[in-house]
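One structure is given here, and the rest of the page talks about it.
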Amino acid sequence: MLHTDLPKLIIKNKALLPVVQGGMGVGVSAHNLAGNVALLGGLGTISSVDLRRHHPDLMKQTGQSRDKEAINAANLVALHREIRAAKQKAQGNGMIAVNIMRAVADYAAYVKQSCESGADAIVVGAGLPMDLPELTADYPDVALVPILSDVRGISLILKKWMRRDRLPDAIVIENPQFAAGHLGAATIDSVNDPHFSFSVVIEGTLALFDQLGIPRDRIPLIAAGGVYTPAQVQALLQLGASAVQLGTSFAVTEEGDAHRDFKRVLAEARADDIVTFMSCAGLPARAVRTPWLINYLDKEQKLQSKACPKDCTVGFDCLHQCGWRDGNAKAGQFCIDTQLAFALQGDIKRGLFFRSAEPLPFGSAIRPVRELFDYLLNGIHPQIEQTSHPALLMQSA
């Protein structure tokens, strides 16, 4: 386990490193990344979305299938396998969480399977998990961690859960101005709204705790989005956070579960390569401007003008609401599962590569998880020979 002099993050009486690995799908954060993070004493997170893609036998059974029940069942089998493998790799250290999007159609089944398979925590974003206490009532030892972006959302969750005699075991405060993937804002224009800033939300949340009679140290706050230096970690801890959460920085580690070309795309992306757009989930999203995304954005208005209901591309209706399937002209017009699966495989031409807006701790280098922790927590920065491949995206066009 890794040592740091910084205060530990305490969840369910377990002392953890105050840097959390965020969940990233499809398959980007699976058992290898989450297990290695936990092995060092951190909170490692498996993304629950379409994990069958890591299991050849399950893909052989369902890869060409249109049987919704068979695909959903295969994904639950894959989730169970990934949780058990992560726990084995962690050797009893840290915690293994499962990130579940509230927006996915099989949300409740994923929550139940995660608990049954031995996950230590359930992390829920992309919607308000009002019903999470009920879904996990039989598993009181499982930590519940909502992802929220503003004080209003936090207030709604706290008041609802308190009526059920439950409090979150931690709250991830995600700043949509910097985060990757699906963002906690209603529109692209509101992503940069000042009310999402960490100072506003952390201070407002602590004041909300006072109003509701919740001790300030009862629920740890985890700041997510835009963190890439030890100074930022320390500043957020001083502001009142108990930990920070990173996604992209963990995705590009050696232990990350995606293809090495996936990691190269994220690590080598420059600021002007990163774009915010509307996902088919009806939320703003942030990703690298790769060939598929360039082509899609060029056609977006035309596709939205012709939006109409259609059959699910992959046959299992992964999202509860999908702009492409449902014909919602205000949302993205593409199959997100298909494009994220291409990215997982390192398909630069066809993949959708979610990425945060800020620089990465080691630039374009792909380094081990231990070095990432050591840098952010202890200020130890390895001597790195930066490897740059500026023609990577050009070659793939």
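Here, A, B, ... name the chains of the structure tokens in the order displayed, residue numbers run from 1 inside each chain, and ligands are numbered from 1 in the same displayed order.
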List every residue of region 159-270 of chain A that has an atom at most 12 Å from any atom of region 36-42 of chain A, and for each one report the closest atom pair and its distance in Å to one decimal, counting only C-alpha atoms, with rows sorted by chain and then by increasing residue number, as JSON lines.
```
{"residue": "A:Ala243", "atom": "CA", "partner": "A:Gly42", "partner_atom": "CA", "distance": 10.6}
{"residue": "A:Val244", "atom": "CA", "partner": "A:Gly42", "partner_atom": "CA", "distance": 11.3}
{"residue": "A:Gln245", "atom": "CA", "partner": "A:Gly42", "partner_atom": "CA", "distance": 10.7}
{"residue": "A:Leu246", "atom": "CA", "partner": "A:Val37", "partner_atom": "CA", "distance": 11.8}
{"residue": "A:Phe250", "atom": "CA", "partner": "A:Val37", "partner_atom": "CA", "distance": 9.1}
{"residue": "A:Ala251", "atom": "CA", "partner": "A:Val37", "partner_atom": "CA", "distance": 11.6}
{"residue": "A:Thr253", "atom": "CA", "partner": "A:Asn36", "partner_atom": "CA", "distance": 10.7}
{"residue": "A:Glu254", "atom": "CA", "partner": "A:Asn36", "partner_atom": "CA", "distance": 10.4}
{"residue": "A:Glu255", "atom": "CA", "partner": "A:Asn36", "partner_atom": "CA", "distance": 7.2}
{"residue": "A:Gly256", "atom": "CA", "partner": "A:Asn36", "partner_atom": "CA", "distance": 9.3}
{"residue": "A:Asp257", "atom": "CA", "partner": "A:Asn36", "partner_atom": "CA", "distance": 10.9}
```
> region 163-175 of chain A: which residues within 6 Å, counting only C-alpha atoms, same-chain residues fewer than 5 positions away excluded, as number ranges by chain?
Replying inline: A: 143-149, 196, 219-225
How would the residues just picked look written out with N, CA and C atoms as a tab-separated table (two decimals), in the first residue's frame?
```tsv
chain	number	residue	atom	x	y	z
A	143	ALA	N	-21.34	1.12	0.60
A	143	ALA	CA	-21.33	2.59	0.62
A	143	ALA	C	-22.09	3.13	-0.59
A	144	LEU	N	-22.84	4.21	-0.37
A	144	LEU	CA	-23.61	4.85	-1.44
A	144	LEU	C	-23.05	6.24	-1.71
A	145	VAL	N	-22.68	6.47	-2.98
A	145	VAL	CA	-21.97	7.71	-3.33
A	145	VAL	C	-22.60	8.32	-4.58
A	146	PRO	N	-23.45	9.34	-4.44
A	146	PRO	CA	-23.98	10.02	-5.62
A	146	PRO	C	-22.96	11.00	-6.20
A	147	ILE	N	-23.04	11.18	-7.51
A	147	ILE	CA	-22.24	12.20	-8.20
A	147	ILE	C	-23.16	13.37	-8.54
A	148	LEU	N	-22.83	14.56	-8.04
A	148	LEU	CA	-23.68	15.73	-8.24
A	148	LEU	C	-22.79	16.93	-8.59
A	149	SER	N	-23.41	17.96	-9.14
A	149	SER	CA	-22.61	19.09	-9.62
A	149	SER	C	-22.93	20.42	-8.95
A	196	PHE	N	-21.09	26.17	-10.63
A	196	PHE	CA	-20.52	24.84	-10.54
A	196	PHE	C	-19.11	24.83	-9.95
A	219	ILE	N	-20.13	13.45	6.02
A	219	ILE	CA	-20.17	13.00	4.63
A	219	ILE	C	-18.96	13.57	3.89
A	220	PRO	N	-17.99	12.75	3.51
A	220	PRO	CA	-16.83	13.25	2.77
A	220	PRO	C	-17.24	13.80	1.40
A	221	LEU	N	-16.63	14.89	1.03
A	221	LEU	CA	-16.86	15.49	-0.29
A	221	LEU	C	-15.65	15.21	-1.17
A	222	ILE	N	-15.90	14.72	-2.37
A	222	ILE	CA	-14.84	14.34	-3.30
A	222	ILE	C	-14.94	15.23	-4.53
A	223	ALA	N	-13.94	16.08	-4.75
A	223	ALA	CA	-13.96	17.03	-5.86
A	223	ALA	C	-13.44	16.37	-7.13
A	224	ALA	N	-14.23	16.45	-8.21
A	224	ALA	CA	-13.88	15.78	-9.46
A	224	ALA	C	-13.90	16.77	-10.63
A	225	GLY	N	-12.84	16.72	-11.43
A	225	GLY	CA	-12.80	17.56	-12.62
A	225	GLY	C	-11.66	18.56	-12.59
```
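Distances from A:Ser356, A:Ser199, A:Ser48, A:Thr276 to Leu237 (chain A) were compared using only C-alpha atoms, and the smallest one belongs to A:Ser199.
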> Could you name the residues that touch Val77 (chain A) at 12 Å or less, counting only C-alpha atoms, but leaving out those on the same chain fewer than 5 positions away, as a PyMOL selection string?
Replying inline: chain A and resi 48+50-55+57-59+70-72+82-84+109-110+113-114+116-117
Based on the selection just made, write N, CA, C and O atoms of those residues as a tab-separated table (two decimals), in the first residue's frame.
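So again-v3.tsv came out as:
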```tsv
chain	number	residue	atom	x	y	z
A	48	SER	N	-19.96	0.08	-14.97
A	48	SER	CA	-20.85	-1.07	-15.19
A	48	SER	C	-21.29	-1.23	-16.64
A	48	SER	O	-21.85	-2.26	-17.01
A	50	ASP	N	-21.86	-2.18	-20.25
A	50	ASP	CA	-21.53	-3.12	-21.33
A	50	ASP	C	-20.18	-3.82	-21.13
A	50	ASP	O	-19.35	-3.89	-22.04
A	51	LEU	N	-19.99	-4.38	-19.95
A	51	LEU	CA	-18.72	-5.04	-19.63
A	51	LEU	C	-18.53	-6.37	-20.36
A	51	LEU	O	-17.43	-6.92	-20.35
A	52	ARG	N	-19.55	-6.89	-21.00
A	52	ARG	CA	-19.39	-8.13	-21.77
A	52	ARG	C	-18.29	-7.99	-22.82
A	52	ARG	O	-17.71	-8.99	-23.25
A	53	ARG	N	-18.00	-6.75	-23.22
A	53	ARG	CA	-17.00	-6.53	-24.27
A	53	ARG	C	-15.59	-6.91	-23.82
A	53	ARG	O	-14.69	-7.00	-24.65
A	54	HIS	N	-15.40	-7.15	-22.54
A	54	HIS	CA	-14.12	-7.65	-22.04
A	54	HIS	C	-14.09	-9.18	-21.98
A	54	HIS	O	-13.07	-9.75	-21.57
A	55	HIS	N	-15.19	-9.83	-22.37
A	55	HIS	CA	-15.28	-11.28	-22.19
A	55	HIS	C	-15.64	-11.95	-23.51
A	55	HIS	O	-16.82	-11.93	-23.93
A	57	ASP	N	-16.17	-14.94	-24.50
A	57	ASP	CA	-17.24	-15.94	-24.52
A	57	ASP	C	-18.62	-15.29	-24.51
A	57	ASP	O	-19.55	-15.75	-25.20
A	58	LEU	N	-18.76	-14.19	-23.76
A	58	LEU	CA	-20.04	-13.49	-23.72
A	58	LEU	C	-20.31	-12.76	-25.04
A	58	LEU	O	-21.46	-12.68	-25.49
A	59	MET	N	-19.26	-12.23	-25.65
A	59	MET	CA	-19.43	-11.57	-26.95
A	59	MET	C	-19.76	-12.59	-28.04
A	59	MET	O	-20.52	-12.30	-28.97
A	70	ALA	N	-30.99	-11.48	-23.35
A	70	ALA	CA	-29.72	-12.21	-23.37
A	70	ALA	C	-28.54	-11.26	-23.21
A	70	ALA	O	-27.57	-11.57	-22.48
A	71	ILE	N	-28.60	-10.10	-23.85
A	71	ILE	CA	-27.51	-9.13	-23.73
A	71	ILE	C	-27.42	-8.58	-22.31
A	71	ILE	O	-26.34	-8.49	-21.73
A	72	ASN	N	-28.57	-8.23	-21.75
A	72	ASN	CA	-28.57	-7.71	-20.38
A	72	ASN	C	-28.05	-8.76	-19.39
A	72	ASN	O	-27.30	-8.45	-18.46
A	82	GLU	N	-16.09	-9.09	-13.20
A	82	GLU	CA	-15.17	-7.97	-13.03
A	82	GLU	C	-15.03	-7.58	-11.57
A	82	GLU	O	-13.94	-7.27	-11.10
A	83	ILE	N	-16.13	-7.58	-10.83
A	83	ILE	CA	-16.07	-7.25	-9.41
A	83	ILE	C	-15.22	-8.27	-8.66
A	83	ILE	O	-14.35	-7.93	-7.86
A	84	ARG	N	-15.48	-9.56	-8.94
A	84	ARG	CA	-14.72	-10.61	-8.24
A	84	ARG	C	-13.24	-10.55	-8.59
A	84	ARG	O	-12.37	-10.70	-7.72
A	109	ALA	N	-31.00	-3.22	-11.97
A	109	ALA	CA	-30.39	-4.55	-12.03
A	109	ALA	C	-28.88	-4.46	-11.79
A	109	ALA	O	-28.31	-5.34	-11.13
A	110	TYR	N	-28.24	-3.42	-12.31
A	110	TYR	CA	-26.80	-3.24	-12.07
A	110	TYR	C	-26.52	-2.99	-10.59
A	110	TYR	O	-25.53	-3.49	-10.04
A	113	GLN	N	-26.94	-6.37	-8.78
A	113	GLN	CA	-25.84	-7.28	-9.08
A	113	GLN	C	-24.55	-6.84	-8.41
A	113	GLN	O	-23.79	-7.67	-7.89
A	114	SER	N	-24.28	-5.56	-8.40
A	114	SER	CA	-23.06	-5.04	-7.77
A	114	SER	C	-23.04	-5.40	-6.29
A	114	SER	O	-22.00	-5.82	-5.76
A	116	GLU	N	-24.76	-7.87	-4.78
A	116	GLU	CA	-24.68	-9.32	-4.64
A	116	GLU	C	-23.27	-9.85	-4.92
A	116	GLU	O	-22.84	-10.84	-4.31
A	117	SER	N	-22.55	-9.17	-5.80
A	117	SER	CA	-21.22	-9.65	-6.21
A	117	SER	C	-20.11	-9.16	-5.29
A	117	SER	O	-18.95	-9.50	-5.50
```
> Which one is closest to Ser47 (chain A): A:Arg81, A:Asn32, A:Ala97, A:Gln301? Count only C-alpha atoms.
Replying inline: A:Ala97
>> Give me the residues near Met162 (chain A) as an MDAnalysis selection string, where near means some atom within 12 Å (using only C-alpha atoms) and where sequence neighbours in that chain fewer than 5 positions away do not count.
In response: chainID A and resid 130:131 133 154:157 167:168 209 212:214
Keeping N, CA, C and O atoms for every residue in the selection just given, could you write it to a file as a PDB file, in the first residue's frame?
```pdb
ATOM      1  N   MET A 130     -32.488   9.048  -6.554  1.00  0.00           N
ATOM      2  CA  MET A 130     -33.391   9.202  -5.413  1.00  0.00           C
ATOM      3  C   MET A 130     -33.718   7.869  -4.741  1.00  0.00           C
ATOM      4  O   MET A 130     -33.950   7.808  -3.529  1.00  0.00           O
ATOM      5  N   ASP A 131     -33.765   6.797  -5.532  1.00  0.00           N
ATOM      6  CA  ASP A 131     -34.206   5.501  -5.035  1.00  0.00           C
ATOM      7  C   ASP A 131     -33.067   4.586  -4.606  1.00  0.00           C
ATOM      8  O   ASP A 131     -33.298   3.425  -4.272  1.00  0.00           O
ATOM      9  N   PRO A 133     -31.247   4.311  -1.844  1.00  0.00           N
ATOM     10  CA  PRO A 133     -31.388   3.670  -0.522  1.00  0.00           C
ATOM     11  C   PRO A 133     -32.331   2.474  -0.536  1.00  0.00           C
ATOM     12  O   PRO A 133     -32.059   1.457   0.118  1.00  0.00           O
ATOM     13  N   ILE A 154     -27.494  18.381  -4.556  1.00  0.00           N
ATOM     14  CA  ILE A 154     -27.098  17.780  -3.284  1.00  0.00           C
ATOM     15  C   ILE A 154     -28.210  17.920  -2.255  1.00  0.00           C
ATOM     16  O   ILE A 154     -28.519  16.983  -1.511  1.00  0.00           O
ATOM     17  N   SER A 155     -28.859  19.084  -2.226  1.00  0.00           N
ATOM     18  CA  SER A 155     -29.949  19.317  -1.290  1.00  0.00           C
ATOM     19  C   SER A 155     -31.117  18.357  -1.546  1.00  0.00           C
ATOM     20  O   SER A 155     -31.691  17.792  -0.603  1.00  0.00           O
ATOM     21  N   LEU A 156     -31.455  18.157  -2.826  1.00  0.00           N
ATOM     22  CA  LEU A 156     -32.560  17.257  -3.161  1.00  0.00           C
ATOM     23  C   LEU A 156     -32.272  15.835  -2.691  1.00  0.00           C
ATOM     24  O   LEU A 156     -33.140  15.172  -2.114  1.00  0.00           O
ATOM     25  N   ILE A 157     -31.048  15.373  -2.924  1.00  0.00           N
ATOM     26  CA  ILE A 157     -30.674  14.011  -2.521  1.00  0.00           C
ATOM     27  C   ILE A 157     -30.685  13.880  -0.994  1.00  0.00           C
ATOM     28  O   ILE A 157     -31.244  12.923  -0.434  1.00  0.00           O
ATOM     29  N   LEU A 167     -28.030   8.533   4.778  1.00  0.00           N
ATOM     30  CA  LEU A 167     -27.206   9.606   4.264  1.00  0.00           C
ATOM     31  C   LEU A 167     -26.188   9.011   3.288  1.00  0.00           C
ATOM     32  O   LEU A 167     -25.798   7.854   3.426  1.00  0.00           O
ATOM     33  N   PRO A 168     -25.755   9.786   2.314  1.00  0.00           N
ATOM     34  CA  PRO A 168     -24.676   9.297   1.457  1.00  0.00           C
ATOM     35  C   PRO A 168     -23.420   9.027   2.287  1.00  0.00           C
ATOM     36  O   PRO A 168     -23.167   9.700   3.291  1.00  0.00           O
ATOM     37  N   PHE A 209     -25.109  21.358   5.130  1.00  0.00           N
ATOM     38  CA  PHE A 209     -24.983  20.406   6.238  1.00  0.00           C
ATOM     39  C   PHE A 209     -25.387  21.071   7.562  1.00  0.00           C
ATOM     40  O   PHE A 209     -26.101  20.471   8.375  1.00  0.00           O
ATOM     41  N   LEU A 212     -29.122  21.384   7.863  1.00  0.00           N
ATOM     42  CA  LEU A 212     -29.829  20.120   8.028  1.00  0.00           C
ATOM     43  C   LEU A 212     -29.409  19.367   9.286  1.00  0.00           C
ATOM     44  O   LEU A 212     -29.917  18.278   9.559  1.00  0.00           O
ATOM     45  N   GLY A 213     -28.490  19.958  10.047  1.00  0.00           N
ATOM     46  CA  GLY A 213     -28.043  19.318  11.278  1.00  0.00           C
ATOM     47  C   GLY A 213     -27.122  18.134  11.044  1.00  0.00           C
ATOM     48  O   GLY A 213     -27.024  17.230  11.880  1.00  0.00           O
ATOM     49  N   ILE A 214     -26.424  18.135   9.913  1.00  0.00           N
ATOM     50  CA  ILE A 214     -25.474  17.066   9.594  1.00  0.00           C
ATOM     51  C   ILE A 214     -24.072  17.542   9.961  1.00  0.00           C
ATOM     52  O   ILE A 214     -23.641  18.606   9.485  1.00  0.00           O
TER      53      ILE A 214
END
```
> Do you know which residues are at most 9 Å from Asp261 (chain A) counting only C-alpha atoms, after dropping those on the same chain fewer than 3 positions away, and could you put them as an MDAnalysis selection string?
Replying inline: chainID A and resid 258 264:266 343:348
> Among region 152-384 of chain A, which residues carry a DSSP assignment of helix (DSSP H, G or I), reported as a ChimeraX atom specification?
Replying inline: /A:152-162,194-196,198-212,230-239,248-251,260-268,271-273,291-305,323-326,336-344,369-378
Okay, now the selection with C-alpha atoms, as an mmCIF file, in the first residue's frame?
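See out-v9.cif below for the written result:
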```cif
data_model
loop_
_atom_site.group_PDB
_atom_site.id
_atom_site.type_symbol
_atom_site.label_atom_id
_atom_site.label_comp_id
_atom_site.auth_asym_id
_atom_site.auth_seq_id
_atom_site.Cartn_x
_atom_site.Cartn_y
_atom_site.Cartn_z
ATOM 1 C CA ARG A 152 -29.397 22.223 -5.422
ATOM 2 C CA GLY A 153 -28.878 18.615 -6.517
ATOM 3 C CA ILE A 154 -27.098 17.780 -3.284
ATOM 4 C CA SER A 155 -29.949 19.317 -1.290
ATOM 5 C CA LEU A 156 -32.560 17.257 -3.161
ATOM 6 C CA ILE A 157 -30.674 14.011 -2.521
ATOM 7 C CA LEU A 158 -29.998 14.734 1.136
ATOM 8 C CA LYS A 159 -33.579 15.688 1.971
ATOM 9 C CA LYS A 160 -35.004 12.695 0.086
ATOM 10 C CA TRP A 161 -32.580 10.203 1.614
ATOM 11 C CA MET A 162 -32.947 11.617 5.123
ATOM 12 C CA PRO A 194 -19.802 29.831 -12.072
ATOM 13 C CA HIS A 195 -22.274 28.139 -9.730
ATOM 14 C CA PHE A 196 -20.518 24.836 -10.543
ATOM 15 C CA PHE A 198 -15.654 24.011 -6.382
ATOM 16 C CA SER A 199 -15.500 26.978 -4.024
ATOM 17 C CA VAL A 200 -19.218 27.689 -4.483
ATOM 18 C CA VAL A 201 -20.384 24.074 -4.269
ATOM 19 C CA ILE A 202 -18.132 22.903 -1.431
ATOM 20 C CA GLU A 203 -18.808 25.951 0.728
ATOM 21 C CA GLY A 204 -22.525 25.799 -0.126
ATOM 22 C CA THR A 205 -22.690 22.104 0.725
ATOM 23 C CA LEU A 206 -21.009 22.587 4.093
ATOM 24 C CA ALA A 207 -23.492 25.376 4.853
ATOM 25 C CA LEU A 208 -26.300 23.010 3.796
ATOM 26 C CA PHE A 209 -24.983 20.406 6.238
ATOM 27 C CA ASP A 210 -25.252 23.022 8.989
ATOM 28 C CA GLN A 211 -28.847 23.808 8.019
ATOM 29 C CA LEU A 212 -29.829 20.120 8.028
ATOM 30 C CA PRO A 230 -0.369 18.100 -6.114
ATOM 31 C CA ALA A 231 -1.024 21.787 -5.445
ATOM 32 C CA GLN A 232 -4.610 21.417 -6.664
ATOM 33 C CA VAL A 233 -5.119 18.386 -4.447
ATOM 34 C CA GLN A 234 -3.904 20.265 -1.381
ATOM 35 C CA ALA A 235 -5.940 23.377 -2.244
ATOM 36 C CA LEU A 236 -9.158 21.372 -2.561
ATOM 37 C CA LEU A 237 -8.511 19.563 0.711
ATOM 38 C CA GLN A 238 -7.999 22.949 2.396
ATOM 39 C CA LEU A 239 -11.243 24.171 0.835
ATOM 40 C CA THR A 248 -8.663 10.538 -17.650
ATOM 41 C CA SER A 249 -5.391 10.497 -15.692
ATOM 42 C CA PHE A 250 -6.165 6.944 -14.543
ATOM 43 C CA ALA A 251 -7.462 5.893 -17.976
ATOM 44 C CA ARG A 260 -2.970 1.246 -25.709
ATOM 45 C CA ASP A 261 -4.059 3.327 -28.728
ATOM 46 C CA PHE A 262 -7.015 4.550 -26.641
ATOM 47 C CA LYS A 263 -4.522 5.810 -24.082
ATOM 48 C CA ARG A 264 -2.375 7.436 -26.764
ATOM 49 C CA VAL A 265 -5.338 9.377 -28.144
ATOM 50 C CA LEU A 266 -6.174 10.783 -24.706
ATOM 51 C CA ALA A 267 -2.589 11.424 -23.642
ATOM 52 C CA GLU A 268 -1.557 13.143 -26.852
ATOM 53 C CA ALA A 271 -6.398 21.630 -25.787
ATOM 54 C CA ASP A 272 -7.837 22.416 -29.229
ATOM 55 C CA ASP A 273 -8.440 18.696 -29.856
ATOM 56 C CA PRO A 291 -12.146 11.388 -37.115
ATOM 57 C CA TRP A 292 -15.523 9.923 -36.177
ATOM 58 C CA LEU A 293 -16.436 12.885 -33.960
ATOM 59 C CA ILE A 294 -15.291 15.424 -36.571
ATOM 60 C CA ASN A 295 -17.470 13.719 -39.159
ATOM 61 C CA TYR A 296 -20.432 13.463 -36.772
ATOM 62 C CA LEU A 297 -20.288 17.120 -35.709
ATOM 63 C CA ASP A 298 -20.185 18.182 -39.364
ATOM 64 C CA LYS A 299 -23.470 16.321 -39.899
ATOM 65 C CA GLU A 300 -25.059 16.907 -36.497
ATOM 66 C CA GLN A 301 -27.580 19.575 -37.498
ATOM 67 C CA LYS A 302 -28.687 17.590 -40.532
ATOM 68 C CA LEU A 303 -29.092 14.429 -38.455
ATOM 69 C CA GLN A 304 -31.038 16.285 -35.772
ATOM 70 C CA SER A 305 -33.355 17.812 -38.374
ATOM 71 C CA GLY A 323 -31.766 10.707 -28.631
ATOM 72 C CA TRP A 324 -30.853 8.434 -31.550
ATOM 73 C CA ARG A 325 -33.353 5.655 -30.781
ATOM 74 C CA ASP A 326 -36.157 7.918 -29.526
ATOM 75 C CA ILE A 336 -23.005 5.795 -27.917
ATOM 76 C CA ASP A 337 -22.390 2.157 -27.007
ATOM 77 C CA THR A 338 -21.068 1.374 -30.491
ATOM 78 C CA GLN A 339 -18.725 4.371 -30.625
ATOM 79 C CA LEU A 340 -17.383 3.890 -27.084
ATOM 80 C CA ALA A 341 -16.779 0.194 -27.821
ATOM 81 C CA PHE A 342 -14.674 1.157 -30.849
ATOM 82 C CA ALA A 343 -12.660 3.476 -28.610
ATOM 83 C CA LEU A 344 -12.098 0.714 -26.042
ATOM 84 C CA VAL A 369 -0.910 3.908 -11.214
ATOM 85 C CA ARG A 370 1.599 3.962 -8.352
ATOM 86 C CA GLU A 371 3.499 6.857 -9.951
ATOM 87 C CA LEU A 372 0.267 8.811 -10.432
ATOM 88 C CA PHE A 373 -0.596 8.410 -6.755
ATOM 89 C CA ASP A 374 2.938 9.235 -5.669
ATOM 90 C CA TYR A 375 2.946 12.438 -7.694
ATOM 91 C CA LEU A 376 -0.492 13.727 -6.662
ATOM 92 C CA LEU A 377 -0.170 12.767 -2.989
ATOM 93 C CA ASN A 378 3.544 13.102 -2.297
#
```
>> Please list as a PyMOL selection string every residue within 9 Å of Ala126 (chain A), counting only C-alpha atoms and excluding residues in the same chain fewer than 3 positions away.
In response: chain A and resi 100-104+129+147-148+182-184+281+283
> So which bits of region 113-280 of chain A end up strand (DSSP E or B) when you DSSP the backbone, as a VMD selection string?
Replying inline: chain A and resid 121 to 125 143 to 148 171 to 174 181 to 182 221 to 224 243 to 246 274 to 278
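The two atoms in question, CA of Gly247 (chain A) and CA of Lys14 (chain A), are spaced 21.9 Å apart.
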> Which of these, A:Ala180, A:Ala185, A:Met278, A:Ile46, has the shortest distance to Leu79 (chain A) once you count only C-alpha atoms?
Replying inline: A:Ile46
